[in-house]
Amino acid sequence: MTTIYKGETAISSSATWKFIIPSLIGALLFLVPVKYDGQVTIGVGILASYLQTTFGEWIPAFILLLLGFSAFATIAATALKPTFVRDSTFLRSIFITGPFGLIVRVVGFAVGIMAFYEIGPEAISSRNTGGVVLYDLAPVLLTWFLFAGILLPLLVEFGLMEFVGALVNRVMRPVFTLPGRSAVDCMASWMGAAPVGVLVTMKQYDEGYYTKREASVIATTFSIASVAFSLVVANVVGIGHLFLPFYIAVSVACVVAAIIMPRIPPLSRKEDTYYEPVGKQIDDNIPEGVSLVKWGFDEARRKANQVSSAKHLAKSGAETVLDIWLGLIPLVMALGTLALILAEYTPLFKIISYPLIPVLTLLGLPEAAEAAPTILVGFADMFLPAVLGSGLESDLTKFVVAGVSLTQLIYMSEIGILILRSNIPVNFMELVIIFVLRTIITLPIIVLFAHLFVS
């Protein structure tokens, strides 16, 4: 039995199970929250946590080996351009880089050595700078992307996004100016980790399912902090007893920002055109007389029917993992450390926060002068505001500092670098502007909730 619309390719009856089984597994792994080891996470998070727990003491050394291999292989490939690299699109994209990419990988390896052996300038080798990246950030990226990269096809290749997209498109378009399938990106980061949501967006953009504007909006607006990470931040800053109102405040602020941000520059000025090498690969037009459920179900089966062999999917997943390991981790090591050095060893964030002090005072926050730098330091790393904010006395101010840090989203040590390295058309200055705009939009909302729930 087959189903055909508009004279297009028939959908075989076997495509139903080809859609349902992998998509169900993908949803269970990426979208369904589960409680593990006292924290709310997702299936992929459990796998990543298990790997970190089992091999935790060896992971930094393994990362150092990756950094070294990436640096030396890039030097050799860029200088010699051997035939086997030039003839492989994948190897060429990873190892033949421009001067900036080459320098970043060498610097990343050097920073890794200093942090691992605790040698060299303290500003680089300190546990609060290079050590944070090597021992805290990089292991999370390594383990999460290992499983996310390999298992992501279950979420995006077998029709789940087509099915969900058809069901919620009429809500997502008018409210967020986005296609319905973007709801899956949001859920992936909300239940798991923001980088996973960005990874989904990158893949969907590269394959022609999002326009430049849509991908830019989703990557900078929908990659919200996960429930698990939000709980960690609340406990670190010292307001764990207020977590429920705290997370409600963060969620409301993120929704408001998600409604406003796509409608103002720089995101509103992005072109609604698709990634040129692939073009548009999606049809949102639902035929008259066809229900949303039926259309979504048939589109999902059509997508599942196009899936090639398991070998091809495994190869694609492995390439995604290697691209992240050899390309992104050195970038995070170099630029993430630089961002933390600026935060820890320079007065930069304190100086630029001076105009914020009277604003916080006007909003009725105690310790406004101490809180102002912690709000802006989130641009370097999302966890820094919680660490610095834990030294504050006022629960009201702690609530605001931690809440705003989770709504700003654009932190350079991870998400920012991931976006800049992708094909999504957002540059560094635009990330700065988006960070500032999100702070302006969400700060009053978080303050309102703080005054309502913190006595």
# chains A, B, ... in the order shown; residues from 1 in each chain; ligands from 1
$ select_by_dssp --residues "stretch 223-402 of chain A" --states "alpha helix (DSSP H)" --output "ChimeraX atom specification"
/A:227-237,243-260,292-305,310-323,329-331,337-345,348-352,356-362,368-376,384-389,395-402
$ closest_atom_pairs --of "stretch 330-425 of chain A" --to "stretch 200-219 of chain A" --cutoff "12 Å" --atoms "only C-alpha atoms" --output "tab-separated table"
residue	atom	partner	partner_atom	distance
A:Leu409	CA	A:Ala219	CA	9.4
A:Ile410	CA	A:Ala219	CA	9.4
A:Ile415	CA	A:Ala219	CA	8.7
A:Gly416	CA	A:Ala219	CA	9.5
A:Ile417	CA	A:Ala219	CA	11.7
A:Leu418	CA	A:Met202	CA	9.4
A:Ile419	CA	A:Ala219	CA	7.3
A:Leu420	CA	A:Ala219	CA	10.6
A:Arg421	CA	A:Met202	CA	10.1
A:Ser422	CA	A:Met202	CA	6.6
A:Asn423	CA	A:Asp206	CA	7.3
A:Ile424	CA	A:Ser216	CA	6.1
A:Pro425	CA	A:Lys212	CA	6.5
$ write_last_selection --atoms "N, CA and C atoms" --output "PDB file, in the first residue's frame"
ATOM      1  N   LEU A 409      22.321  33.213  27.047  1.00  0.00           N
ATOM      2  CA  LEU A 409      22.600  32.144  26.063  1.00  0.00           C
ATOM      3  C   LEU A 409      23.929  32.249  25.341  1.00  0.00           C
ATOM      4  N   ILE A 410      24.365  33.443  24.969  1.00  0.00           N
ATOM      5  CA  ILE A 410      25.559  33.583  24.133  1.00  0.00           C
ATOM      6  C   ILE A 410      26.796  33.636  25.008  1.00  0.00           C
ATOM      7  N   ILE A 415      28.970  27.846  23.391  1.00  0.00           N
ATOM      8  CA  ILE A 415      27.947  28.106  22.379  1.00  0.00           C
ATOM      9  C   ILE A 415      28.433  29.093  21.322  1.00  0.00           C
ATOM     10  N   GLY A 416      29.031  30.206  21.772  1.00  0.00           N
ATOM     11  CA  GLY A 416      29.502  31.223  20.833  1.00  0.00           C
ATOM     12  C   GLY A 416      30.488  30.667  19.832  1.00  0.00           C
ATOM     13  N   ILE A 417      31.459  29.897  20.327  1.00  0.00           N
ATOM     14  CA  ILE A 417      32.474  29.318  19.443  1.00  0.00           C
ATOM     15  C   ILE A 417      31.842  28.300  18.510  1.00  0.00           C
ATOM     16  N   LEU A 418      30.901  27.523  19.014  1.00  0.00           N
ATOM     17  CA  LEU A 418      30.222  26.520  18.193  1.00  0.00           C
ATOM     18  C   LEU A 418      29.482  27.189  17.026  1.00  0.00           C
ATOM     19  N   ILE A 419      28.813  28.300  17.299  1.00  0.00           N
ATOM     20  CA  ILE A 419      28.095  29.023  16.245  1.00  0.00           C
ATOM     21  C   ILE A 419      29.074  29.633  15.253  1.00  0.00           C
ATOM     22  N   LEU A 420      30.129  30.269  15.751  1.00  0.00           N
ATOM     23  CA  LEU A 420      31.092  30.916  14.862  1.00  0.00           C
ATOM     24  C   LEU A 420      31.780  29.916  13.945  1.00  0.00           C
ATOM     25  N   ARG A 421      31.977  28.709  14.430  1.00  0.00           N
ATOM     26  CA  ARG A 421      32.660  27.711  13.624  1.00  0.00           C
ATOM     27  C   ARG A 421      31.724  27.054  12.602  1.00  0.00           C
ATOM     28  N   SER A 422      30.427  27.193  12.789  1.00  0.00           N
ATOM     29  CA  SER A 422      29.460  26.570  11.888  1.00  0.00           C
ATOM     30  C   SER A 422      29.262  27.413  10.636  1.00  0.00           C
ATOM     31  N   ASN A 423      28.400  26.935   9.751  1.00  0.00           N
ATOM     32  CA  ASN A 423      28.059  27.695   8.543  1.00  0.00           C
ATOM     33  C   ASN A 423      26.934  28.695   8.776  1.00  0.00           C
ATOM     34  N   ILE A 424      26.388  28.706   9.975  1.00  0.00           N
ATOM     35  CA  ILE A 424      25.304  29.645  10.311  1.00  0.00           C
ATOM     36  C   ILE A 424      25.853  31.068  10.231  1.00  0.00           C
ATOM     37  N   PRO A 425      25.193  31.960   9.475  1.00  0.00           N
ATOM     38  CA  PRO A 425      25.754  33.297   9.194  1.00  0.00           C
ATOM     39  C   PRO A 425      25.598  34.307  10.325  1.00  0.00           C
TER      40      PRO A 425
END
$ closest_residue --among "A:Val255, A:Leu452, A:Leu102, A:Ala310" --to "A:Ala79" --atoms "only C-alpha atoms"
A:Leu102
$ closest_residue --among "A:Ile96, A:Ala300, A:Leu348, A:Ala138" --to "A:Pro22" --atoms "only C-alpha atoms"
A:Ala300
$ residues_around --residues "A:Pro245" --least-positions-apart "4" --cutoff "10 Å" --atoms "only C-alpha atoms" --output "list in words"
His241, Ala249, Val250, Ser251, Phe399, Phe449, Ala450, Leu452, Phe453 and Val454 of chain A
$ atom_distance --atom1 "atom CA of A:Asp381" --atom2 "atom CA of A:Thr97"
26.4 Å
$ closest_atom_pairs --of "stretch 28-91 of chain A" --to "stretch 312-328 of chain A" --cutoff "10 Å" --atoms "only C-alpha atoms" --output "JSON lines"
{"residue": "A:Ile63", "atom": "CA", "partner": "A:Trp325", "partner_atom": "CA", "distance": 8.5}
{"residue": "A:Leu66", "atom": "CA", "partner": "A:Leu326", "partner_atom": "CA", "distance": 6.5}
{"residue": "A:Leu67", "atom": "CA", "partner": "A:Leu326", "partner_atom": "CA", "distance": 7.0}
{"residue": "A:Gly68", "atom": "CA", "partner": "A:Leu326", "partner_atom": "CA", "distance": 9.5}
{"residue": "A:Phe69", "atom": "CA", "partner": "A:Leu326", "partner_atom": "CA", "distance": 8.0}
{"residue": "A:Ser70", "atom": "CA", "partner": "A:Leu326", "partner_atom": "CA", "distance": 5.4}
{"residue": "A:Ala71", "atom": "CA", "partner": "A:Leu326", "partner_atom": "CA", "distance": 8.7}
{"residue": "A:Ala73", "atom": "CA", "partner": "A:Leu326", "partner_atom": "CA", "distance": 9.7}
{"residue": "A:Thr74", "atom": "CA", "partner": "A:Leu326", "partner_atom": "CA", "distance": 9.6}
{"residue": "A:Phe90", "atom": "CA", "partner": "A:Glu319", "partner_atom": "CA", "distance": 7.4}
{"residue": "A:Leu91", "atom": "CA", "partner": "A:Asp323", "partner_atom": "CA", "distance": 9.2}
$ write_last_selection --atoms "N, CA and C atoms" --output "PDB file, in the first residue's frame"
ATOM      1  N   ILE A  63      42.187  14.269  25.760  1.00  0.00           N
ATOM      2  CA  ILE A  63      41.936  15.549  25.100  1.00  0.00           C
ATOM      3  C   ILE A  63      43.247  16.186  24.664  1.00  0.00           C
ATOM      4  N   LEU A  66      44.305  14.566  21.540  1.00  0.00           N
ATOM      5  CA  LEU A  66      43.496  15.077  20.434  1.00  0.00           C
ATOM      6  C   LEU A  66      43.993  16.441  19.984  1.00  0.00           C
ATOM      7  N   LEU A  67      44.292  17.309  20.953  1.00  0.00           N
ATOM      8  CA  LEU A  67      44.785  18.640  20.627  1.00  0.00           C
ATOM      9  C   LEU A  67      46.110  18.566  19.869  1.00  0.00           C
ATOM     10  N   GLY A  68      46.989  17.667  20.323  1.00  0.00           N
ATOM     11  CA  GLY A  68      48.275  17.510  19.649  1.00  0.00           C
ATOM     12  C   GLY A  68      48.122  16.956  18.244  1.00  0.00           C
ATOM     13  N   PHE A  69      47.275  15.933  18.105  1.00  0.00           N
ATOM     14  CA  PHE A  69      47.048  15.354  16.783  1.00  0.00           C
ATOM     15  C   PHE A  69      46.435  16.379  15.832  1.00  0.00           C
ATOM     16  N   SER A  70      45.466  17.134  16.338  1.00  0.00           N
ATOM     17  CA  SER A  70      44.814  18.149  15.513  1.00  0.00           C
ATOM     18  C   SER A  70      45.813  19.195  15.042  1.00  0.00           C
ATOM     19  N   ALA A  71      46.676  19.645  15.949  1.00  0.00           N
ATOM     20  CA  ALA A  71      47.659  20.684  15.597  1.00  0.00           C
ATOM     21  C   ALA A  71      48.671  20.175  14.570  1.00  0.00           C
ATOM     22  N   ALA A  73      48.591  17.405  12.633  1.00  0.00           N
ATOM     23  CA  ALA A  73      47.966  16.954  11.386  1.00  0.00           C
ATOM     24  C   ALA A  73      47.575  18.149  10.519  1.00  0.00           C
ATOM     25  N   THR A  74      47.113  19.218  11.154  1.00  0.00           N
ATOM     26  CA  THR A  74      46.742  20.424  10.406  1.00  0.00           C
ATOM     27  C   THR A  74      47.968  21.085   9.799  1.00  0.00           C
ATOM     28  N   PHE A  90      35.824  15.367   3.423  1.00  0.00           N
ATOM     29  CA  PHE A  90      35.807  15.393   4.888  1.00  0.00           C
ATOM     30  C   PHE A  90      37.177  15.760   5.455  1.00  0.00           C
ATOM     31  N   LEU A  91      38.223  15.062   5.029  1.00  0.00           N
ATOM     32  CA  LEU A  91      39.566  15.338   5.550  1.00  0.00           C
ATOM     33  C   LEU A  91      40.037  16.737   5.169  1.00  0.00           C
TER      34      LEU A  91
END
$ residues_around --residues "A:Ile351" --least-positions-apart "4" --cutoff "9 Å" --atoms "only C-alpha atoms" --output "PyMOL selection string"
chain A and resi 347+355+373
$ write_last_selection --atoms "all heavy atoms" --output "mmCIF file, in the first residue's frame"
data_model
loop_
_atom_site.group_PDB
_atom_site.id
_atom_site.type_symbol
_atom_site.label_atom_id
_atom_site.label_comp_id
_atom_site.auth_asym_id
_atom_site.auth_seq_id
_atom_site.Cartn_x
_atom_site.Cartn_y
_atom_site.Cartn_z
ATOM 1 N N PRO A 347 40.367 43.886 34.391
ATOM 2 C CA PRO A 347 39.182 44.605 34.892
ATOM 3 C C PRO A 347 38.158 44.883 33.794
ATOM 4 O O PRO A 347 37.259 45.696 33.985
ATOM 5 C CB PRO A 347 39.794 45.905 35.419
ATOM 6 C CG PRO A 347 40.960 46.157 34.509
ATOM 7 C CD PRO A 347 41.514 44.782 34.173
ATOM 8 N N PRO A 355 28.021 51.265 33.719
ATOM 9 C CA PRO A 355 26.692 51.834 33.392
ATOM 10 C C PRO A 355 25.528 50.989 33.913
ATOM 11 O O PRO A 355 24.409 51.488 34.020
ATOM 12 C CB PRO A 355 26.695 51.858 31.851
ATOM 13 C CG PRO A 355 28.135 51.835 31.451
ATOM 14 C CD PRO A 355 28.809 51.012 32.503
ATOM 15 N N PRO A 373 29.221 43.371 37.396
ATOM 16 C CA PRO A 373 30.185 42.618 36.575
ATOM 17 C C PRO A 373 29.781 41.154 36.379
ATOM 18 O O PRO A 373 30.055 40.574 35.325
ATOM 19 C CB PRO A 373 31.491 42.707 37.381
ATOM 20 C CG PRO A 373 31.308 43.869 38.295
ATOM 21 C CD PRO A 373 29.850 43.904 38.610
#
$ residues_around --residues "stretch 441-446 of chain A" --least-positions-apart "6" --cutoff "8 Å" --atoms "only C-alpha atoms" --output "list in words"
Ala249, Val250, Val252, Ala253, Cys254, Val256, Ala257, Leu363, Phe399, Val400, Gly403, Val404, Thr407 and Gln408 of chain A
$ closest_residue --among "A:Met172, A:Leu396, A:Ala334, A:Leu437" --to "A:Leu365" --atoms "only C-alpha atoms"
A:Leu396
$ residues_around --residues "A:Val175" --least-positions-apart "4" --cutoff "9 Å" --atoms "only C-alpha atoms" --output "PyMOL selection string"
chain A and resi 170-171+258-259
$ residues_around --residues "stretch 28-37 of chain A" --least-positions-apart "5" --cutoff "6 Å" --atoms "only C-alpha atoms" --output "PyMOL selection string"
chain A and resi 42-44+187-188+191
$ atom_distance --atom1 "atom CA of A:Arg181" --atom2 "atom CA of A:Ala166"
7.5 Å
$ atom_distance --atom1 "atom CA of A:Thr337" --atom2 "atom CA of A:Val133"
6.5 Å
$ closest_residue --among "A:Tyr50, A:Met114, A:Thr221, A:Glu393" --to "A:Leu267" --atoms "only C-alpha atoms"
A:Thr221
